[in-house]
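Below is one structure, written out as structure tokens; the observations come after it.
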Amino acid sequence: MVAAKGIEATTGRFLNEIYKPYVPDENIAFISGPSFAVEVMQSLPTALVINSTDEKTALKFASFFPKFIRAYTSDDVMGAEISGAYKNVIAIASGICEGLKLGNNAAASLISRGLVEMARFGKSYGAKEDSFIGLSGAGDLFLTASSTMSRNYRVGLGLAQGKTQDEILKDLREVAEGIGTAYALHVIAKENNIYLPIATEVYNILEGKEPKDSLRDLLTR
């Protein structure tokens, strides 16, 4: 079962596309949904989704989890993959919003519009809309984009403070997948003419644009 999330920076491929030549569909599943590792380690209640194009495989992996984890199943692997990668970029944007002290109204608007943006991107890959309003999409997004336990959210806080990528990652001492994903989404959006305003502004901020200027451009687009 694959627990990693993200987009390969050099090729724009998702993990299921990378694994496909090497692992048969009936032998692989992808885990998604809202879960901070530190809470799982404390056996706190958690719900996840096991995604596989083979139903028997999804059910088999779902049966392995302990009782404090409720494991659902889905056949929408691409929807889960896109949600798992994209939500990290929106979490960076949400951290910036918090760092600039823009308020709860702005944060709610940003996260909900981020969900729309994720779903629009997913549609271009044939992902199912239901995946984005369930645990894999909205659930994981709401968790990651609203807590300092999220590494990507903390990246956004750092950017709002005017820190560079190197400074943020040095302080973080962990991998923040949303940074690489923002760059990958920028390339994919340009090559395929997909409208991704929030992800684009996150990319621009990572490249040095002032966060307040990005906010202005998002509000006046």
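Chain identifiers are assigned as A, B, and so on, following the order in which chains appear in the structure tokens; residues are numbered from 1 within each chain, and ligands are numbered from 1 in order of appearance.
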Per DSSP on the backbone, filter segment 56-152 of chain A down to the residues in alpha helix (DSSP H) and report them as an mmCIF file with N, CA, C and O atoms, in the first residue's frame.
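The result, written out as out21.cif:
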```
data_model
loop_
_atom_site.group_PDB
_atom_site.id
_atom_site.type_symbol
_atom_site.label_atom_id
_atom_site.label_comp_id
_atom_site.auth_asym_id
_atom_site.auth_seq_id
_atom_site.Cartn_x
_atom_site.Cartn_y
_atom_site.Cartn_z
ATOM 1 N N LYS A 56 -11.366 -5.919 -4.481
ATOM 2 C CA LYS A 56 -10.904 -6.915 -3.528
ATOM 3 C C LYS A 56 -9.618 -6.472 -2.841
ATOM 4 O O LYS A 56 -9.424 -6.691 -1.647
ATOM 5 N N THR A 57 -8.749 -5.836 -3.600
ATOM 6 C CA THR A 57 -7.489 -5.346 -3.040
ATOM 7 C C THR A 57 -7.747 -4.258 -2.010
ATOM 8 O O THR A 57 -7.160 -4.256 -0.921
ATOM 9 N N ALA A 58 -8.650 -3.331 -2.346
ATOM 10 C CA ALA A 58 -8.979 -2.247 -1.417
ATOM 11 C C ALA A 58 -9.551 -2.807 -0.125
ATOM 12 O O ALA A 58 -9.165 -2.396 0.977
ATOM 13 N N LEU A 59 -10.466 -3.770 -0.231
ATOM 14 C CA LEU A 59 -11.083 -4.364 0.958
ATOM 15 C C LEU A 59 -10.066 -5.144 1.793
ATOM 16 O O LEU A 59 -10.109 -5.120 3.026
ATOM 17 N N LYS A 60 -9.156 -5.807 1.122
ATOM 18 C CA LYS A 60 -8.134 -6.585 1.828
ATOM 19 C C LYS A 60 -7.251 -5.664 2.665
ATOM 20 O O LYS A 60 -6.998 -5.919 3.849
ATOM 21 N N PHE A 61 -6.769 -4.564 2.048
ATOM 22 C CA PHE A 61 -5.921 -3.635 2.788
ATOM 23 C C PHE A 61 -6.703 -2.954 3.902
ATOM 24 O O PHE A 61 -6.167 -2.699 4.987
ATOM 25 N N ALA A 62 -7.967 -2.634 3.650
ATOM 26 C CA ALA A 62 -8.796 -1.969 4.667
ATOM 27 C C ALA A 62 -8.949 -2.828 5.916
ATOM 28 O O ALA A 62 -9.093 -2.304 7.026
ATOM 29 N N VAL A 77 -8.523 6.181 -7.736
ATOM 30 C CA VAL A 77 -7.119 6.370 -7.366
ATOM 31 C C VAL A 77 -6.635 7.772 -7.742
ATOM 32 O O VAL A 77 -5.973 8.443 -6.951
ATOM 33 N N MET A 78 -6.956 8.230 -8.930
ATOM 34 C CA MET A 78 -6.476 9.536 -9.371
ATOM 35 C C MET A 78 -7.059 10.663 -8.514
ATOM 36 O O MET A 78 -6.361 11.620 -8.179
ATOM 37 N N GLY A 79 -8.328 10.554 -8.139
ATOM 38 C CA GLY A 79 -8.927 11.565 -7.273
ATOM 39 C C GLY A 79 -8.206 11.655 -5.937
ATOM 40 O O GLY A 79 -7.956 12.757 -5.421
ATOM 41 N N ALA A 80 -7.862 10.506 -5.378
ATOM 42 C CA ALA A 80 -7.141 10.481 -4.107
ATOM 43 C C ALA A 80 -5.740 11.055 -4.262
ATOM 44 O O ALA A 80 -5.253 11.800 -3.399
ATOM 45 N N GLU A 81 -5.091 10.719 -5.352
ATOM 46 C CA GLU A 81 -3.727 11.202 -5.594
ATOM 47 C C GLU A 81 -3.692 12.711 -5.761
ATOM 48 O O GLU A 81 -2.839 13.400 -5.194
ATOM 49 N N ILE A 82 -4.625 13.240 -6.535
ATOM 50 C CA ILE A 82 -4.674 14.681 -6.758
ATOM 51 C C ILE A 82 -4.992 15.411 -5.457
ATOM 52 O O ILE A 82 -4.344 16.412 -5.113
ATOM 53 N N SER A 83 -5.961 14.918 -4.710
ATOM 54 C CA SER A 83 -6.316 15.535 -3.432
ATOM 55 C C SER A 83 -5.130 15.549 -2.481
ATOM 56 O O SER A 83 -4.834 16.567 -1.844
ATOM 57 N N GLY A 84 -4.437 14.426 -2.389
ATOM 58 C CA GLY A 84 -3.319 14.303 -1.465
ATOM 59 C C GLY A 84 -2.172 15.228 -1.782
ATOM 60 O O GLY A 84 -1.460 15.691 -0.874
ATOM 61 N N ALA A 85 -1.986 15.517 -3.058
ATOM 62 C CA ALA A 85 -0.909 16.424 -3.467
ATOM 63 C C ALA A 85 -1.351 17.873 -3.412
ATOM 64 O O ALA A 85 -0.666 18.739 -2.849
ATOM 65 N N TYR A 86 -2.523 18.156 -3.963
ATOM 66 C CA TYR A 86 -2.972 19.538 -4.137
ATOM 67 C C TYR A 86 -3.264 20.213 -2.796
ATOM 68 O O TYR A 86 -3.007 21.422 -2.616
ATOM 69 N N LYS A 87 -3.804 19.469 -1.837
ATOM 70 C CA LYS A 87 -4.189 20.079 -0.551
ATOM 71 C C LYS A 87 -2.989 20.685 0.150
ATOM 72 O O LYS A 87 -3.127 21.635 0.935
ATOM 73 N N ASN A 88 -1.789 20.191 -0.123
ATOM 74 C CA ASN A 88 -0.601 20.750 0.505
ATOM 75 C C ASN A 88 -0.314 22.159 -0.003
ATOM 76 O O ASN A 88 0.186 23.005 0.740
ATOM 77 N N VAL A 89 -0.630 22.415 -1.254
ATOM 78 C CA VAL A 89 -0.434 23.756 -1.825
ATOM 79 C C VAL A 89 -1.446 24.733 -1.225
ATOM 80 O O VAL A 89 -1.106 25.863 -0.870
ATOM 81 N N ILE A 90 -2.691 24.287 -1.102
ATOM 82 C CA ILE A 90 -3.709 25.136 -0.493
ATOM 83 C C ILE A 90 -3.375 25.381 0.978
ATOM 84 O O ILE A 90 -3.643 26.461 1.515
ATOM 85 N N ALA A 91 -2.778 24.413 1.632
ATOM 86 C CA ALA A 91 -2.365 24.586 3.026
ATOM 87 C C ALA A 91 -1.305 25.675 3.151
ATOM 88 O O ALA A 91 -1.305 26.442 4.128
ATOM 89 N N ILE A 92 -0.394 25.753 2.189
ATOM 90 C CA ILE A 92 0.594 26.836 2.194
ATOM 91 C C ILE A 92 -0.118 28.181 2.079
ATOM 92 O O ILE A 92 0.173 29.125 2.820
ATOM 93 N N ALA A 93 -1.077 28.256 1.149
ATOM 94 C CA ALA A 93 -1.845 29.488 0.980
ATOM 95 C C ALA A 93 -2.590 29.853 2.258
ATOM 96 O O ALA A 93 -2.661 31.027 2.659
ATOM 97 N N SER A 94 -3.140 28.854 2.927
ATOM 98 C CA SER A 94 -3.877 29.088 4.164
ATOM 99 C C SER A 94 -2.952 29.583 5.271
ATOM 100 O O SER A 94 -3.318 30.462 6.069
ATOM 101 N N GLY A 95 -1.752 29.038 5.324
ATOM 102 C CA GLY A 95 -0.767 29.501 6.296
ATOM 103 C C GLY A 95 -0.372 30.949 6.048
ATOM 104 O O GLY A 95 -0.182 31.727 6.992
ATOM 105 N N ILE A 96 -0.266 31.312 4.774
ATOM 106 C CA ILE A 96 0.024 32.706 4.429
ATOM 107 C C ILE A 96 -1.108 33.610 4.901
ATOM 108 O O ILE A 96 -0.880 34.679 5.472
ATOM 109 N N CYS A 97 -2.327 33.160 4.666
ATOM 110 C CA CYS A 97 -3.517 33.909 5.090
ATOM 111 C C CYS A 97 -3.493 34.155 6.596
ATOM 112 O O CYS A 97 -3.746 35.276 7.072
ATOM 113 N N GLU A 98 -3.161 33.119 7.353
ATOM 114 C CA GLU A 98 -3.083 33.250 8.807
ATOM 115 C C GLU A 98 -1.928 34.156 9.212
ATOM 116 O O GLU A 98 -2.067 35.000 10.106
ATOM 117 N N GLY A 99 -0.796 33.997 8.549
ATOM 118 C CA GLY A 99 0.380 34.802 8.871
ATOM 119 C C GLY A 99 0.176 36.280 8.619
ATOM 120 O O GLY A 99 0.744 37.125 9.320
ATOM 121 N N ASN A 104 -10.761 34.963 9.874
ATOM 122 C CA ASN A 104 -11.434 33.689 9.623
ATOM 123 C C ASN A 104 -12.266 33.696 8.344
ATOM 124 O O ASN A 104 -12.384 32.674 7.665
ATOM 125 N N ASN A 105 -12.866 34.840 8.018
ATOM 126 C CA ASN A 105 -13.660 34.913 6.787
ATOM 127 C C ASN A 105 -12.795 34.622 5.569
ATOM 128 O O ASN A 105 -13.181 33.859 4.672
ATOM 129 N N ALA A 106 -11.624 35.252 5.546
ATOM 130 C CA ALA A 106 -10.709 35.056 4.424
ATOM 131 C C ALA A 106 -10.226 33.610 4.354
ATOM 132 O O ALA A 106 -10.142 33.018 3.275
ATOM 133 N N ALA A 107 -9.919 33.032 5.522
ATOM 134 C CA ALA A 107 -9.438 31.656 5.557
ATOM 135 C C ALA A 107 -10.487 30.682 5.027
ATOM 136 O O ALA A 107 -10.180 29.778 4.240
ATOM 137 N N ALA A 108 -11.751 30.871 5.468
ATOM 138 C CA ALA A 108 -12.830 29.997 5.008
ATOM 139 C C ALA A 108 -13.021 30.117 3.499
ATOM 140 O O ALA A 108 -13.231 29.112 2.807
ATOM 141 N N SER A 109 -12.955 31.339 3.006
ATOM 142 C CA SER A 109 -13.109 31.557 1.558
ATOM 143 C C SER A 109 -11.982 30.899 0.787
ATOM 144 O O SER A 109 -12.201 30.253 -0.240
ATOM 145 N N LEU A 110 -10.759 31.071 1.284
ATOM 146 C CA LEU A 110 -9.593 30.504 0.613
ATOM 147 C C LEU A 110 -9.664 28.986 0.542
ATOM 148 O O LEU A 110 -9.453 28.381 -0.514
ATOM 149 N N ILE A 111 -9.994 28.350 1.665
ATOM 150 C CA ILE A 111 -10.031 26.890 1.692
ATOM 151 C C ILE A 111 -11.147 26.346 0.806
ATOM 152 O O ILE A 111 -10.958 25.374 0.066
ATOM 153 N N SER A 112 -12.315 26.984 0.853
ATOM 154 C CA SER A 112 -13.433 26.497 0.036
ATOM 155 C C SER A 112 -13.159 26.708 -1.446
ATOM 156 O O SER A 112 -13.473 25.840 -2.277
ATOM 157 N N ARG A 113 -12.561 27.844 -1.813
ATOM 158 C CA ARG A 113 -12.212 28.063 -3.219
ATOM 159 C C ARG A 113 -11.051 27.146 -3.628
ATOM 160 O O ARG A 113 -10.970 26.721 -4.784
ATOM 161 N N GLY A 114 -10.207 26.829 -2.676
ATOM 162 C CA GLY A 114 -9.141 25.870 -2.961
ATOM 163 C C GLY A 114 -9.693 24.501 -3.289
ATOM 164 O O GLY A 114 -9.182 23.794 -4.165
ATOM 165 N N LEU A 115 -10.766 24.121 -2.586
ATOM 166 C CA LEU A 115 -11.420 22.840 -2.869
ATOM 167 C C LEU A 115 -12.001 22.831 -4.280
ATOM 168 O O LEU A 115 -11.888 21.836 -5.003
ATOM 169 N N VAL A 116 -12.613 23.940 -4.681
ATOM 170 C CA VAL A 116 -13.152 24.061 -6.045
ATOM 171 C C VAL A 116 -12.011 23.931 -7.065
ATOM 172 O O VAL A 116 -12.148 23.248 -8.084
ATOM 173 N N GLU A 117 -10.901 24.576 -6.765
ATOM 174 C CA GLU A 117 -9.755 24.531 -7.679
ATOM 175 C C GLU A 117 -9.199 23.114 -7.798
ATOM 176 O O GLU A 117 -8.873 22.652 -8.903
ATOM 177 N N MET A 118 -9.093 22.419 -6.677
ATOM 178 C CA MET A 118 -8.644 21.025 -6.686
ATOM 179 C C MET A 118 -9.547 20.167 -7.558
ATOM 180 O O MET A 118 -9.076 19.351 -8.369
ATOM 181 N N ALA A 119 -10.855 20.337 -7.376
ATOM 182 C CA ALA A 119 -11.820 19.525 -8.122
ATOM 183 C C ALA A 119 -11.758 19.826 -9.611
ATOM 184 O O ALA A 119 -11.873 18.912 -10.444
ATOM 185 N N ARG A 120 -11.571 21.103 -9.945
ATOM 186 C CA ARG A 120 -11.470 21.474 -11.361
ATOM 187 C C ARG A 120 -10.230 20.830 -11.994
ATOM 188 O O ARG A 120 -10.273 20.316 -13.112
ATOM 189 N N PHE A 121 -9.135 20.850 -11.257
ATOM 190 C CA PHE A 121 -7.919 20.200 -11.740
ATOM 191 C C PHE A 121 -8.142 18.700 -11.890
ATOM 192 O O PHE A 121 -7.747 18.090 -12.884
ATOM 193 N N GLY A 122 -8.793 18.106 -10.890
ATOM 194 C CA GLY A 122 -9.048 16.674 -10.938
ATOM 195 C C GLY A 122 -9.921 16.262 -12.106
ATOM 196 O O GLY A 122 -9.726 15.197 -12.699
ATOM 197 N N LYS A 123 -10.882 17.105 -12.446
ATOM 198 C CA LYS A 123 -11.781 16.809 -13.561
ATOM 199 C C LYS A 123 -11.004 16.645 -14.858
ATOM 200 O O LYS A 123 -11.343 15.807 -15.699
ATOM 201 N N GLU A 129 -15.924 13.567 -8.919
ATOM 202 C CA GLU A 129 -16.232 14.727 -8.085
ATOM 203 C C GLU A 129 -16.438 14.336 -6.624
ATOM 204 O O GLU A 129 -16.050 15.069 -5.701
ATOM 205 N N ASP A 130 -17.029 13.169 -6.385
ATOM 206 C CA ASP A 130 -17.299 12.719 -5.018
ATOM 207 C C ASP A 130 -16.020 12.623 -4.184
ATOM 208 O O ASP A 130 -16.056 12.815 -2.954
ATOM 209 N N SER A 131 -14.911 12.326 -4.832
ATOM 210 C CA SER A 131 -13.652 12.188 -4.097
ATOM 211 C C SER A 131 -13.232 13.499 -3.441
ATOM 212 O O SER A 131 -12.581 13.507 -2.390
ATOM 213 N N PHE A 132 -13.627 14.612 -4.049
ATOM 214 C CA PHE A 132 -13.183 15.914 -3.553
ATOM 215 C C PHE A 132 -14.071 16.461 -2.443
ATOM 216 O O PHE A 132 -13.682 17.384 -1.747
ATOM 217 N N ILE A 133 -15.244 15.895 -2.270
ATOM 218 C CA ILE A 133 -16.105 16.346 -1.173
ATOM 219 C C ILE A 133 -16.105 15.337 -0.024
ATOM 220 O O ILE A 133 -16.835 15.514 0.948
ATOM 221 N N ASP A 140 -9.140 15.906 4.088
ATOM 222 C CA ASP A 140 -7.694 16.098 4.198
ATOM 223 C C ASP A 140 -7.327 17.573 4.046
ATOM 224 O O ASP A 140 -6.424 18.082 4.718
ATOM 225 N N LEU A 141 -8.033 18.274 3.159
ATOM 226 C CA LEU A 141 -7.766 19.695 2.955
ATOM 227 C C LEU A 141 -8.063 20.497 4.216
ATOM 228 O O LEU A 141 -7.247 21.315 4.655
ATOM 229 N N PHE A 142 -9.232 20.284 4.811
ATOM 230 C CA PHE A 142 -9.608 21.045 6.006
ATOM 231 C C PHE A 142 -8.614 20.822 7.140
ATOM 232 O O PHE A 142 -8.275 21.742 7.884
ATOM 233 N N LEU A 143 -8.150 19.589 7.281
ATOM 234 C CA LEU A 143 -7.179 19.285 8.330
ATOM 235 C C LEU A 143 -5.851 19.994 8.062
ATOM 236 O O LEU A 143 -5.320 20.705 8.924
ATOM 237 N N THR A 144 -5.324 19.806 6.874
ATOM 238 C CA THR A 144 -3.984 20.294 6.550
ATOM 239 C C THR A 144 -3.917 21.814 6.464
ATOM 240 O O THR A 144 -2.876 22.404 6.743
ATOM 241 N N ARG A 151 2.935 20.700 8.226
ATOM 242 C CA ARG A 151 4.207 21.282 7.784
ATOM 243 C C ARG A 151 3.986 22.340 6.714
ATOM 244 O O ARG A 151 4.634 23.389 6.714
ATOM 245 N N ASN A 152 3.077 22.067 5.785
ATOM 246 C CA ASN A 152 2.849 23.001 4.683
ATOM 247 C C ASN A 152 2.176 24.287 5.166
ATOM 248 O O ASN A 152 2.471 25.373 4.666
#
```
- Query: If you count only C-alpha atoms, which residues fall within 12 Å of Ala160 of chain A, apart from same-chain ones fewer than 3 positions away, as a ChimeraX atom specification?
  - Reply: /A:92-102,153-157,163-165,168,202,205-206,208-215
Save out the residues we just selected, N, CA and C atoms, as a PDB file, in the first residue's frame.
```
ATOM      1  N   ILE A  92      -0.394  25.753   2.189  1.00  0.00           N
ATOM      2  CA  ILE A  92       0.594  26.836   2.194  1.00  0.00           C
ATOM      3  C   ILE A  92      -0.118  28.181   2.079  1.00  0.00           C
ATOM      4  N   ALA A  93      -1.077  28.256   1.149  1.00  0.00           N
ATOM      5  CA  ALA A  93      -1.845  29.488   0.980  1.00  0.00           C
ATOM      6  C   ALA A  93      -2.590  29.853   2.258  1.00  0.00           C
ATOM      7  N   SER A  94      -3.140  28.854   2.927  1.00  0.00           N
ATOM      8  CA  SER A  94      -3.877  29.088   4.164  1.00  0.00           C
ATOM      9  C   SER A  94      -2.952  29.583   5.271  1.00  0.00           C
ATOM     10  N   GLY A  95      -1.752  29.038   5.324  1.00  0.00           N
ATOM     11  CA  GLY A  95      -0.767  29.501   6.296  1.00  0.00           C
ATOM     12  C   GLY A  95      -0.372  30.949   6.048  1.00  0.00           C
ATOM     13  N   ILE A  96      -0.266  31.312   4.774  1.00  0.00           N
ATOM     14  CA  ILE A  96       0.024  32.706   4.429  1.00  0.00           C
ATOM     15  C   ILE A  96      -1.108  33.610   4.901  1.00  0.00           C
ATOM     16  N   CYS A  97      -2.327  33.160   4.666  1.00  0.00           N
ATOM     17  CA  CYS A  97      -3.517  33.909   5.090  1.00  0.00           C
ATOM     18  C   CYS A  97      -3.493  34.155   6.596  1.00  0.00           C
ATOM     19  N   GLU A  98      -3.161  33.119   7.353  1.00  0.00           N
ATOM     20  CA  GLU A  98      -3.083  33.250   8.807  1.00  0.00           C
ATOM     21  C   GLU A  98      -1.928  34.156   9.212  1.00  0.00           C
ATOM     22  N   GLY A  99      -0.796  33.997   8.549  1.00  0.00           N
ATOM     23  CA  GLY A  99       0.380  34.802   8.871  1.00  0.00           C
ATOM     24  C   GLY A  99       0.176  36.280   8.619  1.00  0.00           C
ATOM     25  N   LEU A 100      -0.648  36.603   7.634  1.00  0.00           N
ATOM     26  CA  LEU A 100      -0.960  37.997   7.332  1.00  0.00           C
ATOM     27  C   LEU A 100      -2.107  38.527   8.200  1.00  0.00           C
ATOM     28  N   LYS A 101      -2.651  37.657   9.048  1.00  0.00           N
ATOM     29  CA  LYS A 101      -3.749  38.018   9.957  1.00  0.00           C
ATOM     30  C   LYS A 101      -4.960  38.569   9.184  1.00  0.00           C
ATOM     31  N   LEU A 102      -5.372  37.807   8.173  1.00  0.00           N
ATOM     32  CA  LEU A 102      -6.479  38.248   7.322  1.00  0.00           C
ATOM     33  C   LEU A 102      -7.845  37.848   7.877  1.00  0.00           C
ATOM     34  N   TYR A 153       1.304  24.167   6.142  1.00  0.00           N
ATOM     35  CA  TYR A 153       0.692  25.347   6.763  1.00  0.00           C
ATOM     36  C   TYR A 153       1.780  26.221   7.381  1.00  0.00           C
ATOM     37  N   ARG A 154       2.763  25.582   8.029  1.00  0.00           N
ATOM     38  CA  ARG A 154       3.855  26.328   8.656  1.00  0.00           C
ATOM     39  C   ARG A 154       4.754  26.971   7.613  1.00  0.00           C
ATOM     40  N   VAL A 155       4.859  26.360   6.444  1.00  0.00           N
ATOM     41  CA  VAL A 155       5.583  27.001   5.336  1.00  0.00           C
ATOM     42  C   VAL A 155       4.914  28.323   4.984  1.00  0.00           C
ATOM     43  N   GLY A 156       3.579  28.297   4.903  1.00  0.00           N
ATOM     44  CA  GLY A 156       2.834  29.509   4.598  1.00  0.00           C
ATOM     45  C   GLY A 156       3.035  30.586   5.645  1.00  0.00           C
ATOM     46  N   LEU A 157       3.044  30.191   6.917  1.00  0.00           N
ATOM     47  CA  LEU A 157       3.299  31.155   7.987  1.00  0.00           C
ATOM     48  C   LEU A 157       4.664  31.816   7.804  1.00  0.00           C
ATOM     49  N   LYS A 163      10.159  35.156   5.160  1.00  0.00           N
ATOM     50  CA  LYS A 163      11.285  34.221   5.143  1.00  0.00           C
ATOM     51  C   LYS A 163      11.461  33.606   3.759  1.00  0.00           C
ATOM     52  N   THR A 164      12.676  33.217   3.427  1.00  0.00           N
ATOM     53  CA  THR A 164      12.955  32.535   2.173  1.00  0.00           C
ATOM     54  C   THR A 164      12.644  31.048   2.317  1.00  0.00           C
ATOM     55  N   GLN A 165      12.575  30.356   1.181  1.00  0.00           N
ATOM     56  CA  GLN A 165      12.352  28.907   1.226  1.00  0.00           C
ATOM     57  C   GLN A 165      13.413  28.213   2.071  1.00  0.00           C
ATOM     58  N   ILE A 168      12.898  28.756   5.774  1.00  0.00           N
ATOM     59  CA  ILE A 168      11.733  28.013   6.264  1.00  0.00           C
ATOM     60  C   ILE A 168      12.059  26.536   6.436  1.00  0.00           C
ATOM     61  N   VAL A 202       0.643  30.794  -5.080  1.00  0.00           N
ATOM     62  CA  VAL A 202       1.585  30.145  -4.161  1.00  0.00           C
ATOM     63  C   VAL A 202       2.937  29.980  -4.853  1.00  0.00           C
ATOM     64  N   ILE A 205       4.657  33.356  -5.001  1.00  0.00           N
ATOM     65  CA  ILE A 205       5.209  33.755  -3.708  1.00  0.00           C
ATOM     66  C   ILE A 205       6.494  32.988  -3.412  1.00  0.00           C
ATOM     67  N   LEU A 206       6.490  31.697  -3.718  1.00  0.00           N
ATOM     68  CA  LEU A 206       7.706  30.900  -3.540  1.00  0.00           C
ATOM     69  C   LEU A 206       8.852  31.430  -4.403  1.00  0.00           C
ATOM     70  N   GLY A 208       9.265  34.574  -4.960  1.00  0.00           N
ATOM     71  CA  GLY A 208       9.683  35.883  -4.482  1.00  0.00           C
ATOM     72  C   GLY A 208       8.649  36.979  -4.493  1.00  0.00           C
ATOM     73  N   LYS A 209       7.449  36.705  -4.990  1.00  0.00           N
ATOM     74  CA  LYS A 209       6.409  37.727  -5.015  1.00  0.00           C
ATOM     75  C   LYS A 209       5.935  38.042  -3.601  1.00  0.00           C
ATOM     76  N   GLU A 210       5.615  39.311  -3.347  1.00  0.00           N
ATOM     77  CA  GLU A 210       5.102  39.709  -2.042  1.00  0.00           C
ATOM     78  C   GLU A 210       3.721  39.085  -1.795  1.00  0.00           C
ATOM     79  N   PRO A 211       3.531  38.424  -0.651  1.00  0.00           N
ATOM     80  CA  PRO A 211       2.225  37.809  -0.355  1.00  0.00           C
ATOM     81  C   PRO A 211       1.060  38.790  -0.453  1.00  0.00           C
ATOM     82  N   LYS A 212       1.243  40.024  -0.018  1.00  0.00           N
ATOM     83  CA  LYS A 212       0.161  41.007  -0.080  1.00  0.00           C
ATOM     84  C   LYS A 212      -0.209  41.331  -1.529  1.00  0.00           C
ATOM     85  N   ASP A 213       0.777  41.303  -2.420  1.00  0.00           N
ATOM     86  CA  ASP A 213       0.492  41.537  -3.840  1.00  0.00           C
ATOM     87  C   ASP A 213      -0.299  40.371  -4.422  1.00  0.00           C
ATOM     88  N   SER A 214       0.015  39.159  -3.984  1.00  0.00           N
ATOM     89  CA  SER A 214      -0.732  37.983  -4.442  1.00  0.00           C
ATOM     90  C   SER A 214      -2.166  38.041  -3.979  1.00  0.00           C
ATOM     91  N   LEU A 215      -2.376  38.486  -2.745  1.00  0.00           N
ATOM     92  CA  LEU A 215      -3.725  38.636  -2.218  1.00  0.00           C
ATOM     93  C   LEU A 215      -4.512  39.624  -3.075  1.00  0.00           C
TER      94      LEU A 215
END
```
- Quick one: pick out all strand (DSSP E or B) residues within segment 10-136 of chain A from a backbone DSSP run and write them as a ChimeraX atom specification. /A:14,30-32,46-51,69-74
Next, the residues of the selection above should be written as a tab-separated table (two decimals), in the first residue's frame with N, CA, C and O atoms.
```tsv
chain	number	residue	atom	x	y	z
A	14	PHE	N	1.91	11.31	-11.42
A	14	PHE	CA	1.44	10.95	-10.09
A	14	PHE	C	1.97	9.57	-9.73
A	14	PHE	O	2.42	8.81	-10.59
A	30	PHE	N	-3.73	2.80	-2.58
A	30	PHE	CA	-3.20	4.10	-2.17
A	30	PHE	C	-4.04	4.64	-1.03
A	30	PHE	O	-5.27	4.72	-1.14
A	31	ILE	N	-3.40	5.04	0.05
A	31	ILE	CA	-4.11	5.51	1.23
A	31	ILE	C	-4.28	7.03	1.17
A	31	ILE	O	-3.38	7.75	0.71
A	32	SER	N	-5.43	7.52	1.59
A	32	SER	CA	-5.69	8.96	1.59
A	32	SER	C	-6.62	9.31	2.74
A	32	SER	O	-7.21	8.44	3.37
A	46	THR	N	-9.61	7.99	13.78
A	46	THR	CA	-9.21	8.46	12.46
A	46	THR	C	-10.01	7.73	11.39
A	46	THR	O	-10.33	6.55	11.56
A	47	ALA	N	-10.34	8.43	10.31
A	47	ALA	CA	-10.99	7.79	9.16
A	47	ALA	C	-10.15	8.02	7.92
A	47	ALA	O	-9.68	9.14	7.67
A	48	LEU	N	-9.95	6.97	7.16
A	48	LEU	CA	-9.11	7.02	5.96
A	48	LEU	C	-9.83	6.34	4.80
A	48	LEU	O	-10.86	5.70	4.97
A	49	VAL	N	-9.24	6.50	3.60
A	49	VAL	CA	-9.79	5.84	2.42
A	49	VAL	C	-8.68	5.01	1.77
A	49	VAL	O	-7.56	5.50	1.58
A	50	ILE	N	-9.00	3.77	1.46
A	50	ILE	CA	-8.08	2.89	0.75
A	50	ILE	C	-8.54	2.85	-0.71
A	50	ILE	O	-9.64	2.38	-1.01
A	51	ASN	N	-7.72	3.35	-1.60
A	51	ASN	CA	-8.08	3.52	-3.01
A	51	ASN	C	-7.36	2.50	-3.88
A	51	ASN	O	-6.14	2.39	-3.85
A	69	ILE	N	-9.15	3.08	13.66
A	69	ILE	CA	-9.15	3.66	12.31
A	69	ILE	C	-10.31	3.07	11.51
A	69	ILE	O	-10.41	1.85	11.35
A	70	ARG	N	-11.17	3.94	11.01
A	70	ARG	CA	-12.27	3.51	10.12
A	70	ARG	C	-11.77	3.64	8.69
A	70	ARG	O	-11.49	4.75	8.21
A	71	ALA	N	-11.64	2.52	8.00
A	71	ALA	CA	-11.10	2.52	6.65
A	71	ALA	C	-12.22	2.32	5.63
A	71	ALA	O	-12.86	1.26	5.59
A	72	TYR	N	-12.46	3.34	4.81
A	72	TYR	CA	-13.39	3.25	3.70
A	72	TYR	C	-12.62	2.82	2.45
A	72	TYR	O	-11.38	2.83	2.43
A	73	THR	N	-13.35	2.46	1.40
A	73	THR	CA	-12.68	2.07	0.15
A	73	THR	C	-13.23	2.88	-1.03
A	73	THR	O	-14.37	3.36	-0.99
A	74	SER	N	-12.41	3.03	-2.04
A	74	SER	CA	-12.78	3.76	-3.25
A	74	SER	C	-11.97	3.23	-4.42
A	74	SER	O	-10.85	2.74	-4.24
```
Spatial neighbours of Gly180 of chain A, 9 Å, only C-alpha atoms, chain gap at least 5 places, as a VMD selection string = chain A and resid 6 to 9 185
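For the set A:Ala4, A:Val38, A:Glu55, A:Leu169, the residue with the smallest atom-to-atom gap to Tyr19 of chain A is A:Ala4, counting only C-alpha atoms.
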Exercise for the section: Would you mind listing what lies within 9 Å of Ala189 of chain A as JSON, numbers by chain, with only C-alpha atoms counted and same-chain residues fewer than 6 positions away left out? Expected result: {"A": [121, 195, 196, 200]}
Across A:Leu172, A:Thr11, A:Glu17, A:Leu218, the smallest distance to Gly158 of chain A, with only C-alpha atoms counted, is shown by A:Leu172
Students should find that atom CA of Glu207 of chain A and atom CA of Tyr125 of chain A are spaced 26.8 Å
